[in-house]
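Structure file query11.tsv (TSV, C-alpha atoms) follows.
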chain	number	residue	atom	x	y	z
A	1	MET	CA	71.02	97.01	115.83
A	2	ASN	CA	72.61	98.71	112.84
A	3	ARG	CA	75.99	97.35	111.83
A	4	LYS	CA	78.66	98.85	109.67
A	5	LYS	CA	79.02	97.52	106.14
A	6	ARG	CA	80.58	94.07	106.05
A	7	MET	CA	84.12	93.76	104.66
A	8	LYS	CA	83.94	91.03	102.01
A	9	ILE	CA	87.27	89.32	101.38
A	10	ASN	CA	87.94	86.60	98.83
A	11	ASN	CA	90.98	84.33	98.50
A	12	LYS	CA	92.85	86.63	96.08
A	13	HIS	CA	92.30	89.60	98.37
A	14	PHE	CA	93.35	87.72	101.51
A	15	ASN	CA	96.39	85.99	100.02
A	16	SER	CA	97.70	89.12	98.30
A	17	TYR	CA	97.23	91.00	101.59
A	18	LEU	CA	99.31	88.32	103.34
A	19	ALA	CA	102.00	88.71	100.67
A	20	GLY	CA	102.20	92.44	101.32
A	21	LEU	CA	102.26	91.93	105.08
A	22	PHE	CA	105.07	89.38	104.71
A	23	GLU	CA	107.10	91.57	102.36
A	24	GLY	CA	106.73	94.45	104.80
A	25	ASP	CA	107.53	92.83	108.16
A	26	GLY	CA	108.17	89.17	107.39
A	27	PHE	CA	111.30	87.06	107.36
A	28	ILE	CA	112.30	83.53	106.41
A	29	LEU	CA	114.98	81.29	107.89
A	30	CYS	CA	115.81	78.41	105.58
A	31	PRO	CA	118.76	76.01	105.27
A	32	LYS	CA	120.07	75.18	101.84
A	33	ALA	CA	118.34	72.40	99.93
A	34	GLY	CA	119.65	69.02	101.05
A	35	ASN	CA	120.85	70.35	104.40
A	36	THR	CA	119.51	68.16	107.17
A	37	VAL	CA	120.44	70.65	109.91
A	38	GLY	CA	117.66	73.06	110.75
A	39	LYS	CA	114.21	73.53	109.25
A	40	PRO	CA	112.53	76.45	107.42
A	41	LYS	CA	110.68	79.01	109.51
A	42	ILE	CA	108.48	81.95	108.52
A	43	GLY	CA	107.92	84.90	110.84
A	44	ILE	CA	106.16	88.26	110.78
A	45	ALA	CA	107.34	90.79	113.35
A	46	SER	CA	105.00	93.39	114.81
A	47	HIS	CA	104.18	95.60	117.78
A	48	LYS	CA	102.50	93.84	120.68
A	49	LYS	CA	99.33	95.90	120.27
A	50	ASP	CA	98.63	93.82	117.14
A	51	ARG	CA	98.42	90.59	119.13
A	52	LYS	CA	94.62	90.46	118.65
A	53	PHE	CA	95.07	90.68	114.90
A	54	PHE	CA	97.53	87.79	114.83
A	55	GLU	CA	95.26	85.73	117.08
A	56	TRP	CA	92.50	86.36	114.53
A	57	LEU	CA	94.87	85.54	111.66
A	58	SER	CA	95.85	82.26	113.31
A	59	LEU	CA	92.17	81.30	113.53
A	60	GLN	CA	91.61	82.07	109.84
A	61	LEU	CA	94.69	80.11	108.73
A	62	GLY	CA	94.37	77.27	111.21
A	63	TYR	CA	98.02	77.64	112.20
A	64	GLY	CA	100.67	80.03	113.46
A	65	GLN	CA	101.76	80.95	116.95
A	66	ILE	CA	102.69	84.20	118.64
A	67	GLU	CA	106.09	84.47	120.28
A	68	LYS	CA	107.84	87.23	122.17
A	69	GLY	CA	110.11	89.46	120.14
A	70	SER	CA	113.53	90.72	121.21
A	71	SER	CA	112.02	93.80	122.89
A	72	PRO	CA	109.17	94.11	125.42
A	73	ASN	CA	106.95	95.80	122.82
A	74	SER	CA	107.44	93.32	119.98
A	75	ILE	CA	105.89	89.99	119.00
A	76	ILE	CA	106.57	87.55	116.17
A	77	PHE	CA	103.92	85.48	114.41
A	78	THR	CA	105.73	82.25	113.53
A	79	ILE	CA	105.06	79.30	111.24
A	80	LYS	CA	107.26	76.23	111.73
A	81	LYS	CA	105.53	73.04	110.59
A	82	GLU	CA	106.27	71.92	107.04
A	83	GLU	CA	102.64	71.63	105.94
A	84	TYR	CA	101.88	75.12	107.22
A	85	ILE	CA	104.98	76.67	105.66
A	86	LYS	CA	104.00	75.11	102.34
A	87	ASP	CA	100.46	76.46	102.71
A	88	MET	CA	101.67	80.00	103.42
A	89	CYS	CA	104.07	79.89	100.46
A	90	GLU	CA	101.23	78.62	98.28
A	91	ARG	CA	99.05	81.51	99.41
A	92	ILE	CA	101.53	84.33	98.82
A	93	LYS	CA	103.70	83.03	95.96
A	94	ASN	CA	101.69	84.60	93.12
A	95	TYR	CA	101.48	88.04	94.72
A	96	LEU	CA	105.09	88.83	95.69
A	97	ARG	CA	106.54	92.10	94.40
A	98	THR	CA	109.92	92.64	96.11
A	99	GLY	CA	113.28	90.91	96.44
A	100	LYS	CA	111.90	88.83	99.29
A	101	ILE	CA	110.57	86.55	96.59
A	102	GLU	CA	114.05	84.98	96.62
A	103	ARG	CA	113.52	83.94	100.26
A	104	VAL	CA	110.25	82.27	99.27
A	105	ASN	CA	111.93	80.60	96.29
A	106	GLN	CA	114.60	79.32	98.67
A	107	VAL	CA	111.88	77.57	100.69
A	108	LEU	CA	110.19	76.26	97.54
A	109	ASN	CA	113.53	74.90	96.36
A	110	TYR	CA	114.11	73.29	99.77
A	111	TYR	CA	110.85	71.37	99.33
A	112	ASN	CA	111.56	70.67	95.62
A	113	LEU	CA	108.70	72.91	94.51
A	114	GLU	CA	108.59	75.18	91.44
A	115	ARG	CA	110.05	78.70	91.64
A	116	VAL	CA	107.79	81.71	91.14
A	117	GLU	CA	108.12	85.11	89.44
A	118	LEU	CA	107.20	88.62	90.60
A	119	ASP	CA	103.60	89.80	90.38
A	120	THR	CA	103.46	92.55	87.75
A	121	SER	CA	99.74	93.34	87.97
A	122	HIS	CA	98.67	96.90	88.77
A	123	ILE	CA	99.65	97.87	92.30
A	124	LEU	CA	96.05	98.74	93.17
A	125	SER	CA	94.52	95.57	91.70
A	126	ASN	CA	94.76	93.39	94.82
A	127	GLY	CA	95.36	93.53	98.58
A	128	TRP	CA	99.20	93.61	98.49
A	129	LEU	CA	99.50	97.33	99.21
A	130	ALA	CA	97.05	97.03	102.13
A	131	GLY	CA	99.27	94.35	103.68
A	132	MET	CA	102.41	96.40	103.07
A	133	SER	CA	100.67	99.45	104.54
A	134	ASP	CA	99.65	97.55	107.66
A	135	ALA	CA	103.31	96.60	108.02
A	136	ASP	CA	105.23	99.77	107.17
A	137	SER	CA	102.98	102.82	106.75
A	138	ASN	CA	101.53	105.39	109.11
A	139	PHE	CA	98.78	107.98	109.02
A	140	ASN	CA	100.23	111.31	110.03
A	141	VAL	CA	98.45	114.56	110.86
A	142	ILE	CA	100.38	117.84	110.97
A	143	ILE	CA	98.70	120.79	112.66
A	144	SER	CA	100.84	123.90	112.27
A	145	ASP	CA	100.81	127.69	112.18
A	146	ARG	CA	100.15	129.38	108.89
A	147	LYS	CA	102.80	131.24	106.94
A	148	LYS	CA	103.83	134.58	108.40
A	149	GLU	CA	101.62	136.61	106.06
A	150	ASP	CA	98.56	134.60	107.17
A	151	LYS	CA	99.14	134.62	110.94
A	152	THR	CA	96.55	137.34	111.44
A	153	LEU	CA	93.91	134.70	110.72
A	154	LYS	CA	94.93	132.83	113.91
A	155	VAL	CA	93.83	129.52	112.39
A	156	LYS	CA	96.27	126.63	112.17
A	157	ARG	CA	96.69	124.43	109.12
A	158	ILE	CA	95.63	120.77	109.13
A	159	ASN	CA	97.54	118.44	106.85
A	160	ALA	CA	96.58	114.74	106.93
A	161	GLN	CA	99.21	112.54	105.25
A	162	TRP	CA	99.83	108.87	104.54
A	163	ARG	CA	103.44	107.79	104.64
A	164	LEU	CA	105.11	104.52	103.66
A	165	GLU	CA	108.77	103.95	104.58
A	166	ILE	CA	110.74	100.91	103.45
A	167	SER	CA	114.42	100.02	103.36
A	168	THR	CA	116.30	100.84	100.15
A	169	THR	CA	117.23	97.16	99.87
A	170	THR	CA	115.98	93.84	101.16
A	171	SER	CA	118.17	91.84	103.55
A	172	ASN	CA	119.49	89.86	100.56
A	173	ASN	CA	120.63	93.16	99.02
A	174	ILE	CA	117.97	93.53	96.31
A	175	SER	CA	116.87	97.11	95.65
A	176	ASN	CA	113.37	98.25	96.65
A	177	LEU	CA	113.51	101.27	94.36
A	178	GLU	CA	111.56	99.63	91.55
A	179	ILE	CA	108.61	98.62	93.73
A	180	SER	CA	108.72	102.07	95.37
A	181	ASN	CA	108.40	103.71	91.95
A	182	ILE	CA	105.52	101.38	91.09
A	183	ILE	CA	103.69	102.33	94.31
A	184	SER	CA	104.32	106.05	93.79
A	185	GLU	CA	103.06	105.89	90.21
A	186	GLY	CA	99.90	104.10	91.33
A	187	LEU	CA	99.22	106.80	93.90
A	188	ASN	CA	100.36	109.66	91.63
A	189	THR	CA	103.09	110.79	94.02
A	190	SER	CA	106.90	110.53	94.22
A	191	VAL	CA	109.63	108.89	96.28
A	192	ILE	CA	112.05	110.43	98.79
A	193	MET	CA	115.39	108.93	99.83
A	194	ARG	CA	116.35	109.20	103.50
A	195	THR	CA	119.28	108.22	105.74
A	196	ARG	CA	119.04	108.08	109.54
A	197	LYS	CA	120.43	106.24	112.55
A	198	ALA	CA	118.59	103.03	113.43
A	199	THR	CA	118.96	100.14	115.88
A	200	LEU	CA	119.50	96.75	114.27
A	201	VAL	CA	118.94	93.40	115.91
A	202	ALA	CA	121.99	91.24	116.55
A	203	PRO	CA	123.30	88.78	115.66
A	204	LEU	CA	122.54	89.37	111.99
A	205	ALA	CA	124.26	86.18	110.85
A	206	ALA	CA	121.75	84.07	112.76
A	207	GLN	CA	118.79	86.11	111.57
A	208	PRO	CA	119.06	87.05	107.88
A	209	GLU	CA	115.84	89.05	107.96
A	210	VAL	CA	115.84	91.75	110.63
A	211	PRO	CA	112.26	92.10	111.94
A	212	ARG	CA	111.17	95.72	111.75
A	213	GLY	CA	110.30	97.18	115.14
A	214	ASP	CA	112.54	94.90	117.18
A	215	GLU	CA	114.94	96.72	119.46
A	216	GLY	CA	118.34	95.93	120.87
A	217	GLY	CA	121.56	95.53	118.96
A	218	ARG	CA	123.78	98.13	117.38
A	219	LYS	CA	123.19	101.56	115.92
A	220	GLU	CA	123.81	101.84	112.20
A	221	LYS	CA	122.82	104.10	109.34
A	222	TYR	CA	119.46	103.08	107.91
A	223	HIS	CA	118.78	104.03	104.30
A	224	SER	CA	115.11	104.15	103.39
A	225	ILE	CA	112.64	105.14	100.71
A	226	ILE	CA	109.62	107.22	101.70
A	227	ILE	CA	106.39	107.60	99.75
A	228	ILE	CA	103.97	110.29	100.97
A	229	CYS	CA	100.39	111.09	99.93
A	230	PHE	CA	99.74	114.70	100.93
A	231	GLN	CA	97.65	116.11	98.07
A	232	GLU	CA	93.90	115.59	98.12
A	233	GLU	CA	93.90	113.71	94.81
A	234	GLN	CA	96.50	111.26	96.14
A	235	LYS	CA	94.61	110.74	99.38
A	236	ASN	CA	91.36	110.15	97.50
A	237	ILE	CA	93.05	107.38	95.48
A	238	LEU	CA	94.23	105.86	98.75
A	239	VAL	CA	90.77	106.00	100.37
A	240	ASP	CA	89.18	104.36	97.33
A	241	TYR	CA	91.80	101.61	97.49
A	242	PHE	CA	91.43	100.97	101.24
A	243	THR	CA	87.66	100.86	100.79
A	244	GLU	CA	88.14	97.98	98.33
A	245	TYR	CA	91.07	96.39	100.19
A	246	PRO	CA	90.76	97.27	103.89
A	247	LEU	CA	93.47	97.48	106.51
A	248	LEU	CA	93.14	94.79	109.18
A	249	THR	CA	95.65	95.52	111.96
A	250	ALA	CA	95.42	98.13	114.71
A	251	LYS	CA	96.45	100.62	112.04
A	252	ARG	CA	92.86	100.62	110.83
A	253	ASN	CA	92.01	102.67	113.94
A	254	ASP	CA	94.49	105.35	112.84
A	255	TYR	CA	93.08	105.24	109.32
A	256	GLU	CA	89.51	105.84	110.52
A	257	THR	CA	90.65	108.74	112.72
A	258	TRP	CA	92.71	110.11	109.83
A	259	LYS	CA	89.63	110.08	107.59
A	260	LEU	CA	87.62	111.88	110.27
A	261	ILE	CA	90.29	114.57	110.54
A	262	ARG	CA	90.17	114.99	106.76
A	263	SER	CA	86.41	115.57	107.03
A	264	ILE	CA	86.99	118.14	109.78
A	265	ASN	CA	89.50	119.90	107.54
A	266	ASP	CA	86.91	120.00	104.73
A	267	LEU	CA	84.45	121.66	107.12
A	268	LYS	CA	87.14	124.15	108.14
A	269	PHE	CA	87.56	125.24	104.54
A	270	LYS	CA	83.80	125.63	104.04
A	271	THR	CA	83.04	127.71	107.13
A	272	THR	CA	83.62	131.48	107.16
A	273	SER	CA	83.64	131.83	110.95
A	274	THR	CA	87.13	132.17	112.44
A	275	GLU	CA	85.78	130.99	115.79
A	276	LYS	CA	84.33	127.87	114.17
A	277	LYS	CA	87.59	127.24	112.30
A	278	ILE	CA	89.57	127.38	115.55
A	279	GLU	CA	87.04	125.03	117.18
A	280	LEU	CA	87.47	122.53	114.35
A	281	VAL	CA	91.26	122.68	114.61
A	282	GLU	CA	91.01	121.92	118.34
A	283	LYS	CA	88.76	118.96	117.59
A	284	ALA	CA	91.28	117.67	115.04
A	285	LEU	CA	94.12	118.10	117.55
A	286	LYS	CA	92.29	116.01	120.15
A	287	LEU	CA	91.77	113.24	117.61
A	288	LYS	CA	95.41	113.41	116.49
A	289	ASN	CA	96.50	112.85	120.10
A	290	LYS	CA	94.80	109.45	120.03
A	291	MET	CA	96.62	108.16	116.94
A	292	ASN	CA	99.64	105.93	116.34
A	293	ASN	CA	101.72	105.42	119.51
A	294	LYS	CA	99.12	107.31	121.54
A	295	ASN	CA	96.39	104.87	120.56
A	296	ILE	CA	96.50	102.60	123.61
A	297	HIS	CA	92.89	101.36	123.41
A	298	VAL	CA	92.59	99.56	120.08
A	299	ASN	CA	89.12	98.90	118.70
A	300	TRP	CA	88.97	95.49	117.00
A	301	GLU	CA	85.34	95.62	115.88
A	302	HIS	CA	86.43	95.77	112.23
A	303	LEU	CA	87.63	92.15	112.39
A	304	LYS	CA	84.10	91.08	113.33
A	305	ASP	CA	82.91	92.64	110.07
A	306	VAL	CA	85.20	90.53	107.87
A	307	VAL	CA	83.29	88.02	105.76
A	308	PHE	CA	85.19	85.51	103.59
A	309	ILE	CA	83.54	84.83	100.26
A	310	GLU	CA	84.22	82.50	97.33
A	311	THR	CA	86.04	84.00	94.34
Can you give me the file's structure in the form of structure tokens?
Amino acid sequence: MNRKKRMKINNKHFNSYLAGLFEGDGFILCPKAGNTVGKPKIGIASHKKDRKFFEWLSLQLGYGQIEKGSSPNSIIFTIKKEEYIKDMCERIKNYLRTGKIERVNQVLNYYNLERVELDTSHILSNGWLAGMSDADSNFNVIISDRKKEDKTLKVKRINAQWRLEISTTTSNNISNLEISNIISEGLNTSVIMRTRKATLVAPLAAQPEVPRGDEGGRKEKYHSIIIICFQEEQKNILVDYFTEYPLLTAKRNDYETWKLIRSINDLKFKTTSTEKKIELVEKALKLKNKMNNKNIHVNWEHLKDVVFIET
């Protein structure tokens, strides 16, 4: 039986991916050093459809448990034992790129371990952006009518985009603008600032990091930074990167469909038959309707293709 190409992952790749995943959807609860009340805890919040991924992750790490989130559709991957918290911090500490590094340093200080500094290597040089993408990005396909002067062609446009949206600041009020600019420069695109209404989890005082995706609580204005790859050159950079540093959550399904729609769009440009163009647009539309929230049957075969190798 023919199998797809194996995904080879070494320690640097895996640990930097975990750092990105943590900085996207992770949180840390930690008492001050010397405080005997309470213990540190690390969590990564996600949608329940990623349960299989976190079960797989727990097997690879040898620790971590899955708990219910504050909404029916959310789960939290938690790490509570001291030895496991130390191991996770050891894994991610050299690959952190946002203000959440201060949360990790708080844990390191709690255990009398050395503080760490931000990773300043090229944004595409390790798996950090893949982890962040699995946490906070989406693959979007827009199928729309052409401009008025082109409507006689009766062929809709297909625009496949990648979009990353993160808060303007971390929960400890450190700006995410610098890392956003670094990401946009690496992908040759730009950043967009956005304000919208969002639901925040309460009580905030008891939970300094608000897990993304959890529901319940109060409505407040949410200020975010959006990075979009919509030009072919930008998307080609992204595909090359994800080939080297693959996505691992359910989002990989959306990525594979997104790539297929891009191929369909290429065929649409090459064909001269209006009938064939319309047929290709319909095919793309059917695929689009199986992406993101509409993807209820997740294929996890890609995790079987992961092979861990020595550095």
Next on the checklist: Show me, as an NGL selection string, the residues that have an atom within 9 Å of Leu247 of chain A when counting all atoms listed in the file, minus same-chain residues fewer than 5 positions from it.
Outcome noted: :A and (17 or 130-131 or 133-134 or 242 or 252 or 255)
Item to check | Distance query Leu124 of chain A at most 8 Å, all atoms listed in the file, self and fewer than 2 positions along chain excluded, as JSON, numbers by chain | outcome: {"A": [122, 126, 127, 129, 186, 241]}
May I have the residues within 8 Å of segment 165-172 of chain A as a tab-separated table (two decimals) with C-alpha atoms, in the coordinates of the input, using only C-alpha atoms and disregarding those fewer than 2 positions away in the same chain?
chain	number	residue	atom	x	y	z
A	24	GLY	CA	106.73	94.45	104.80
A	98	THR	CA	109.92	92.64	96.11
A	99	GLY	CA	113.28	90.91	96.44
A	100	LYS	CA	111.90	88.83	99.29
A	136	ASP	CA	105.23	99.77	107.17
A	137	SER	CA	102.98	102.82	106.75
A	163	ARG	CA	103.44	107.79	104.64
A	174	ILE	CA	117.97	93.53	96.31
A	175	SER	CA	116.87	97.11	95.65
A	176	ASN	CA	113.37	98.25	96.65
A	177	LEU	CA	113.51	101.27	94.36
A	208	PRO	CA	119.06	87.05	107.88
A	209	GLU	CA	115.84	89.05	107.96
A	210	VAL	CA	115.84	91.75	110.63
A	222	TYR	CA	119.46	103.08	107.91
A	223	HIS	CA	118.78	104.03	104.30
A	224	SER	CA	115.11	104.15	103.39
A	225	ILE	CA	112.64	105.14	100.71
A	226	ILE	CA	109.62	107.22	101.70
A	227	ILE	CA	106.39	107.60	99.75
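In this structure, atom CA of Gly64 of chain A sits 22.1 Å away from atom CA of Pro246 of chain A.
Distance check against Ser273 of chain A using all atoms listed in the file: of A:Arg115, A:Thr249, A:Glu256, A:Val155, the minimum falls on A:Val155.
From atom CA of Phe139 of chain A back to atom CA of Trp162 of chain A, the distance works out to 4.7 Å.
Omitting Met7 of chain A and its sequence neighbours fewer than 3 positions away, and counting all atoms listed in the file, the residues within 8 Å are Pro246, Asp305, Val306 and Val307 of chain A.
Atom pair atom CA of Ile142 of chain A / atom CA of Ile261 of chain A: separated by 10.6 Å.
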Item to check | Of the listed residues A:Asn292, A:Asn173, A:Asn94, A:Asn236, that which approaches Asn11 of chain A most closely, counting all atoms listed in the file | outcome: A:Asn94
List every residue of segment 95-193 of chain A that has an atom at most 10 Å from any atom of segment 34-43 of chain A, and for each one report the closest atom pair and its distance in Å to one decimal, counting all atoms listed in the file, with rows sorted by chain and then by increasing residue number, as CSV.
residue,atom,partner,partner_atom,distance
A:Arg103,CA,A:Ile42,CA,9.9
A:Val104,CA,A:Ile42,CA,9.4
A:Gln106,CA,A:Pro40,CA,9.4
A:Val107,CA,A:Pro40,CA,6.9
A:Asn109,CA,A:Gly34,CA,9.7
A:Tyr110,CA,A:Gly34,CA,7.1
A:Tyr111,CA,A:Gly34,CA,9.3
A:Asn112,CA,A:Gly34,CA,9.9
Item to check | Residue among A:Asn293, A:Gln234, A:Ser263, A:Ser144 lying closest to Ser190 of chain A, counting all atoms listed in the file | outcome: A:Gln234
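Distances from A:Ser70, A:Gln65, A:Gln161, A:Gln60 to His47 of chain A were compared using all atoms listed in the file, and the smallest one belongs to A:Ser70.
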Next on the checklist: So, with all atoms listed in the file as the atoms that count, which of A:Ala33, A:Lys52, A:Thr274, A:Asp266 lies closest to Leu303 of chain A?
Outcome noted: A:Lys52
Next on the checklist: Can you tell me which residues surround segment 275-291 of chain A at a distance of at most 12 Å, considering all atoms listed in the file, apart from same-chain residues fewer than 2 positions away, and format the answer as a ChimeraX atom specification?
Outcome noted: /A:138-145,153-161,250-273,293-298
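Nearest residue to Ile79 of chain A, choosing from A:Ser58, A:Lys5, A:Ile101, A:His13 and counting only C-alpha atoms: A:Ser58.
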Using the incomplete input, complete segment 3-29 of chain A to the level of N, CA and C atoms; output as a compact mmCIF listing (two decimals), in the coordinates of the input.
# COMPACT_ATOMS: atom_id res chain seq x y z
N ARG A 3 74.57 97.69 111.90
CA ARG A 3 75.99 97.35 111.83
C ARG A 3 76.62 98.06 110.65
N LYS A 4 77.92 98.27 110.77
CA LYS A 4 78.66 98.85 109.67
C LYS A 4 78.67 97.85 108.51
N LYS A 5 78.98 98.36 107.32
CA LYS A 5 79.02 97.52 106.14
C LYS A 5 80.05 96.42 106.31
N ARG A 6 79.67 95.20 105.95
CA ARG A 6 80.58 94.07 106.05
C ARG A 6 81.77 94.24 105.11
N MET A 7 82.94 93.75 105.51
CA MET A 7 84.12 93.76 104.66
C MET A 7 84.24 92.39 104.01
N LYS A 8 83.91 92.30 102.73
CA LYS A 8 83.94 91.03 102.01
C LYS A 8 85.34 90.79 101.45
N ILE A 9 85.91 89.65 101.80
CA ILE A 9 87.27 89.32 101.38
C ILE A 9 87.28 87.94 100.72
N ASN A 10 87.81 87.89 99.49
CA ASN A 10 87.94 86.60 98.83
C ASN A 10 89.39 86.11 98.93
N ASN A 11 89.66 84.93 98.37
CA ASN A 11 90.98 84.33 98.50
C ASN A 11 92.08 85.20 97.90
N LYS A 12 91.84 85.77 96.72
CA LYS A 12 92.85 86.63 96.08
C LYS A 12 93.16 87.82 96.96
N HIS A 13 92.13 88.44 97.48
CA HIS A 13 92.30 89.60 98.37
C HIS A 13 93.11 89.21 99.61
N PHE A 14 92.71 88.13 100.26
CA PHE A 14 93.35 87.72 101.51
C PHE A 14 94.80 87.30 101.28
N ASN A 15 95.04 86.49 100.26
CA ASN A 15 96.39 85.99 100.02
C ASN A 15 97.34 87.09 99.55
N SER A 16 96.85 88.01 98.73
CA SER A 16 97.70 89.12 98.30
C SER A 16 97.98 90.06 99.47
N TYR A 17 97.00 90.22 100.37
CA TYR A 17 97.23 91.00 101.59
C TYR A 17 98.34 90.35 102.42
N LEU A 18 98.28 89.02 102.58
CA LEU A 18 99.31 88.32 103.34
C LEU A 18 100.69 88.49 102.70
N ALA A 19 100.73 88.51 101.37
CA ALA A 19 102.00 88.71 100.67
C ALA A 19 102.58 90.08 101.00
N GLY A 20 101.73 91.10 100.99
CA GLY A 20 102.20 92.44 101.32
C GLY A 20 102.65 92.55 102.77
N LEU A 21 101.90 91.92 103.66
CA LEU A 21 102.26 91.93 105.08
C LEU A 21 103.61 91.24 105.29
N PHE A 22 103.80 90.11 104.61
CA PHE A 22 105.07 89.38 104.71
C PHE A 22 106.22 90.20 104.14
N GLU A 23 106.01 90.81 102.97
CA GLU A 23 107.10 91.57 102.36
C GLU A 23 107.41 92.85 103.13
N GLY A 24 106.47 93.29 103.96
CA GLY A 24 106.73 94.45 104.80
C GLY A 24 107.50 94.08 106.06
N ASP A 25 106.96 93.16 106.85
CA ASP A 25 107.53 92.83 108.16
C ASP A 25 107.91 91.37 108.34
N GLY A 26 107.91 90.60 107.27
CA GLY A 26 108.17 89.17 107.39
C GLY A 26 109.62 88.80 107.16
N PHE A 27 109.96 87.61 107.60
CA PHE A 27 111.30 87.06 107.36
C PHE A 27 111.21 85.55 107.24
N ILE A 28 112.22 84.97 106.59
CA ILE A 28 112.30 83.53 106.41
C ILE A 28 113.69 83.05 106.81
N LEU A 29 113.73 81.99 107.60
CA LEU A 29 114.98 81.29 107.89
C LEU A 29 114.89 79.94 107.18
